[in-house]
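As stored in final_35.cif (mmCIF, C-alpha atoms):
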data_model
loop_
_atom_site.label_atom_id
_atom_site.label_comp_id
_atom_site.auth_asym_id
_atom_site.auth_seq_id
_atom_site.Cartn_x
_atom_site.Cartn_y
_atom_site.Cartn_z
CA MET A 27 87.35 93.89 67.38
CA SER A 28 89.95 95.98 69.09
CA LYS A 29 91.65 94.87 72.25
CA ILE A 30 91.27 97.06 75.30
CA ASN A 31 94.36 97.41 77.43
CA PHE A 32 93.69 97.92 81.11
CA GLU A 33 96.41 99.49 83.18
CA THR A 34 97.29 97.58 86.30
CA LYS A 35 98.80 99.17 89.36
CA GLU A 36 101.32 97.54 91.60
CA LEU A 37 99.75 96.37 94.84
CA THR A 38 101.19 98.08 97.87
CA LEU A 39 100.93 97.48 101.58
CA LYS A 40 98.37 100.30 101.73
CA ASN A 41 96.10 98.40 99.30
CA TYR A 42 96.36 95.20 101.33
CA ILE A 43 95.57 97.00 104.59
CA LEU A 44 92.59 98.71 102.99
CA ALA A 45 91.32 95.36 101.68
CA LEU A 46 91.75 93.82 105.14
CA VAL A 47 89.75 96.65 106.73
CA VAL A 48 86.95 96.20 104.16
CA VAL A 49 86.84 92.42 104.81
CA ILE A 50 86.73 92.97 108.59
CA LEU A 51 83.93 95.55 108.28
CA PHE A 52 81.98 93.23 105.98
CA GLY A 53 82.38 90.40 108.50
CA ILE A 54 81.10 92.61 111.30
CA ALA A 55 78.09 93.59 109.19
CA VAL A 56 77.30 89.93 108.42
CA LEU A 57 77.53 89.00 112.11
CA ALA A 58 75.28 91.92 113.02
CA VAL A 59 72.64 90.75 110.54
CA LEU A 60 72.92 87.13 111.74
CA ILE A 61 72.10 88.30 115.26
CA ALA A 62 69.67 91.14 114.46
CA VAL A 63 67.21 89.14 112.34
CA PRO A 64 66.48 86.49 115.02
CA TYR A 65 66.39 89.25 117.66
CA LEU A 66 63.59 90.95 115.72
CA LEU A 67 61.62 87.70 115.74
CA PHE A 68 62.39 87.31 119.44
CA LEU A 69 60.97 90.76 120.19
CA LEU A 70 57.81 89.92 118.28
CA LEU A 71 57.46 86.59 120.11
CA LYS A 72 58.16 88.25 123.46
CA ILE A 73 54.80 90.00 123.13
CA LEU A 74 52.99 86.65 122.98
CA PHE A 75 55.20 84.51 125.20
CA LEU A 76 56.65 86.44 128.13
CA GLY A 77 58.76 83.52 129.38
CA ILE A 78 61.14 83.13 126.44
CA GLU A 79 64.74 84.36 126.60
CA PHE A 80 67.12 85.44 123.86
CA THR A 81 70.02 82.99 123.93
CA VAL A 82 72.56 81.49 121.56
CA LEU A 83 70.27 78.47 121.26
CA PHE A 84 67.45 80.72 120.04
CA VAL A 85 69.70 82.15 117.29
CA VAL A 86 70.97 78.71 116.22
CA VAL A 87 67.49 77.18 116.12
CA PHE A 88 66.18 80.19 114.19
CA TRP A 89 68.79 79.82 111.44
CA ILE A 90 68.37 76.04 111.31
CA VAL A 91 64.64 76.51 110.77
CA VAL A 92 65.26 79.16 108.10
CA VAL A 93 67.69 76.89 106.23
CA ILE A 94 65.27 73.93 106.43
CA LEU A 95 62.39 76.08 105.14
CA LEU A 96 64.47 77.40 102.26
CA TRP A 97 65.59 73.87 101.42
CA ILE A 98 61.97 72.63 101.40
CA LEU A 99 60.92 75.57 99.18
CA LYS A 100 63.77 74.82 96.80
CA LEU A 101 62.84 71.13 96.64
CA SER A 102 59.22 71.98 95.99
CA LYS A 103 60.26 74.39 93.19
CA LEU A 104 58.55 77.35 94.84
CA MET A 105 61.76 79.37 94.88
#

As C-alpha cells, how would this structure be written, given the file I've shared?
Amino acid sequence: MSKINFETKELTLKNYILALVVVILFGIAVLAVLIAVPYLLFLLLKILFLGIEFTVLFVVVFWIVVVILLWILKLSKLM
C-alpha cells in the first residue's frame, strides 16, 4: 500500500477568526433550535389552553421532559 501525503497549511490569524465565526454562528443556531422547538409546542397548546404563557420555565420543563422520555425509550430498548 502506498502512503498518501497530505499537504498541511500553516494556520494564520485569518483561519482562527473564520473558525471563531463558524463556532459562534453554530452556537446561535443551536440556541435558536432550543427555543424554537418548545415555542412550536407552546403555540399548539395555546389553541387548547388559552391561559398558558411562554416563559423560561416552559422551555426548561419541555427539555427536561424530552430528556426523560428519551432516557426511558433508551432503557426500554425502543430506540

Between atom CA of Phe88 of chain A and atom CA of Leu69 of chain A - distance in Å to one decimal: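 Taking atom CA of Leu69 of chain A and atom CA of Phe88 of chain A, their separation equals 13.2 Å.
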
Gap from atom CA of Ile50 of chain A to atom CA of Glu33 of chain A - Å, one decimal: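 Atom CA of Glu33 of chain A lies 28.0 Å from atom CA of Ile50 of chain A.
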
Do a neighbour search on segment 72-86 of chain A at 12 Å with only C-alpha atoms, toss out local chain neighbours closer than 5 positions, and write the hits as an mmCIF file with C-alpha atoms, keeping the file's coordinate frame.
data_model
loop_
_atom_site.group_PDB
_atom_site.id
_atom_site.type_symbol
_atom_site.label_atom_id
_atom_site.label_comp_id
_atom_site.auth_asym_id
_atom_site.auth_seq_id
_atom_site.Cartn_x
_atom_site.Cartn_y
_atom_site.Cartn_z
ATOM 1 C CA LEU A 57 77.530 89.000 112.110
ATOM 2 C CA VAL A 59 72.640 90.750 110.540
ATOM 3 C CA LEU A 60 72.920 87.130 111.740
ATOM 4 C CA ILE A 61 72.100 88.300 115.260
ATOM 5 C CA ALA A 62 69.670 91.140 114.460
ATOM 6 C CA VAL A 63 67.210 89.140 112.340
ATOM 7 C CA PRO A 64 66.480 86.490 115.020
ATOM 8 C CA TYR A 65 66.390 89.250 117.660
ATOM 9 C CA LEU A 66 63.590 90.950 115.720
ATOM 10 C CA LEU A 67 61.620 87.700 115.740
ATOM 11 C CA VAL A 91 64.640 76.510 110.770
ATOM 12 C CA VAL A 92 65.260 79.160 108.100
ATOM 13 C CA VAL A 93 67.690 76.890 106.230
#

Please complete segment 53-78 of chain A so it has N, CA, C and O atoms, and hand it over as a tab-separated table (two decimals), in the frame of the given file.
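Contents of result_38.tsv, freshly written:
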chain	number	residue	atom	x	y	z
A	53	GLY	N	82.63	91.48	107.54
A	53	GLY	CA	82.38	90.40	108.50
A	53	GLY	C	81.56	90.87	109.68
A	53	GLY	O	80.66	90.18	110.14
A	54	ILE	N	81.87	92.05	110.19
A	54	ILE	CA	81.10	92.61	111.30
A	54	ILE	C	79.66	92.85	110.88
A	54	ILE	O	78.72	92.57	111.65
A	55	ALA	N	79.45	93.35	109.67
A	55	ALA	CA	78.09	93.59	109.19
A	55	ALA	C	77.31	92.29	109.05
A	55	ALA	O	76.13	92.22	109.41
A	56	VAL	N	77.97	91.23	108.55
A	56	VAL	CA	77.30	89.93	108.42
A	56	VAL	C	76.92	89.38	109.79
A	56	VAL	O	75.81	88.90	110.00
A	57	LEU	N	77.84	89.47	110.75
A	57	LEU	CA	77.53	89.00	112.11
A	57	LEU	C	76.39	89.79	112.73
A	57	LEU	O	75.53	89.22	113.42
A	58	ALA	N	76.36	91.10	112.49
A	58	ALA	CA	75.28	91.92	113.02
A	58	ALA	C	73.93	91.50	112.45
A	58	ALA	O	72.93	91.41	113.18
A	59	VAL	N	73.89	91.19	111.16
A	59	VAL	CA	72.64	90.75	110.54
A	59	VAL	C	72.24	89.37	111.07
A	59	VAL	O	71.05	89.12	111.34
A	60	LEU	N	73.23	88.48	111.24
A	60	LEU	CA	72.92	87.13	111.74
A	60	LEU	C	72.34	87.16	113.14
A	60	LEU	O	71.60	86.25	113.53
A	61	ILE	N	72.65	88.18	113.91
A	61	ILE	CA	72.10	88.30	115.26
A	61	ILE	C	70.84	89.16	115.26
A	61	ILE	O	69.89	88.88	116.00
A	62	ALA	N	70.79	90.19	114.44
A	62	ALA	CA	69.67	91.14	114.46
A	62	ALA	C	68.37	90.54	113.94
A	62	ALA	O	67.30	90.83	114.48
A	63	VAL	N	68.44	89.71	112.91
A	63	VAL	CA	67.21	89.14	112.34
A	63	VAL	C	66.49	88.23	113.35
A	63	VAL	O	65.29	88.39	113.57
A	64	PRO	N	67.19	87.28	114.00
A	64	PRO	CA	66.48	86.49	115.02
A	64	PRO	C	66.04	87.33	116.21
A	64	PRO	O	65.02	87.04	116.84
A	65	TYR	N	66.78	88.40	116.54
A	65	TYR	CA	66.39	89.25	117.66
A	65	TYR	C	65.07	89.96	117.36
A	65	TYR	O	64.25	90.15	118.25
A	66	LEU	N	64.87	90.34	116.10
A	66	LEU	CA	63.59	90.95	115.72
A	66	LEU	C	62.44	89.97	115.93
A	66	LEU	O	61.40	90.33	116.49
A	67	LEU	N	62.64	88.72	115.51
A	67	LEU	CA	61.62	87.70	115.74
A	67	LEU	C	61.40	87.47	117.23
A	67	LEU	O	60.27	87.32	117.69
A	68	PHE	N	62.49	87.49	117.99
A	68	PHE	CA	62.39	87.31	119.44
A	68	PHE	C	61.54	88.42	120.06
A	68	PHE	O	60.70	88.17	120.91
A	69	LEU	N	61.77	89.65	119.63
A	69	LEU	CA	60.97	90.76	120.19
A	69	LEU	C	59.49	90.62	119.85
A	69	LEU	O	58.63	90.93	120.67
A	70	LEU	N	59.21	90.13	118.65
A	70	LEU	CA	57.81	89.92	118.28
A	70	LEU	C	57.20	88.77	119.09
A	70	LEU	O	56.04	88.84	119.52
A	71	LEU	N	57.96	87.71	119.31
A	71	LEU	CA	57.46	86.59	120.11
A	71	LEU	C	57.36	86.92	121.59
A	71	LEU	O	56.55	86.34	122.31
A	72	LYS	N	58.17	87.85	122.05
A	72	LYS	CA	58.16	88.25	123.46
A	72	LYS	C	56.80	88.85	123.84
A	72	LYS	O	56.38	88.76	124.98
A	73	ILE	N	56.13	89.44	122.87
A	73	ILE	CA	54.80	90.00	123.13
A	73	ILE	C	53.82	88.89	123.47
A	73	ILE	O	52.99	89.03	124.37
A	74	LEU	N	53.92	87.76	122.76
A	74	LEU	CA	52.99	86.65	122.98
A	74	LEU	C	53.41	85.75	124.12
A	74	LEU	O	52.58	85.31	124.92
A	75	PHE	N	54.70	85.44	124.20
A	75	PHE	CA	55.20	84.51	125.20
A	75	PHE	C	56.21	85.24	126.08
A	75	PHE	O	57.35	85.45	125.69
A	76	LEU	N	55.80	85.62	127.27
A	76	LEU	CA	56.65	86.44	128.13
A	76	LEU	C	57.82	85.64	128.72
A	76	LEU	O	58.80	86.22	129.16
A	77	GLY	N	57.74	84.32	128.72
A	77	GLY	CA	58.76	83.52	129.38
A	77	GLY	C	59.98	83.21	128.56
A	77	GLY	O	60.96	82.68	129.09
A	78	ILE	N	60.00	83.53	127.26
A	78	ILE	CA	61.14	83.13	126.44
A	78	ILE	C	62.31	84.08	126.66
A	78	ILE	O	62.13	85.24	127.03
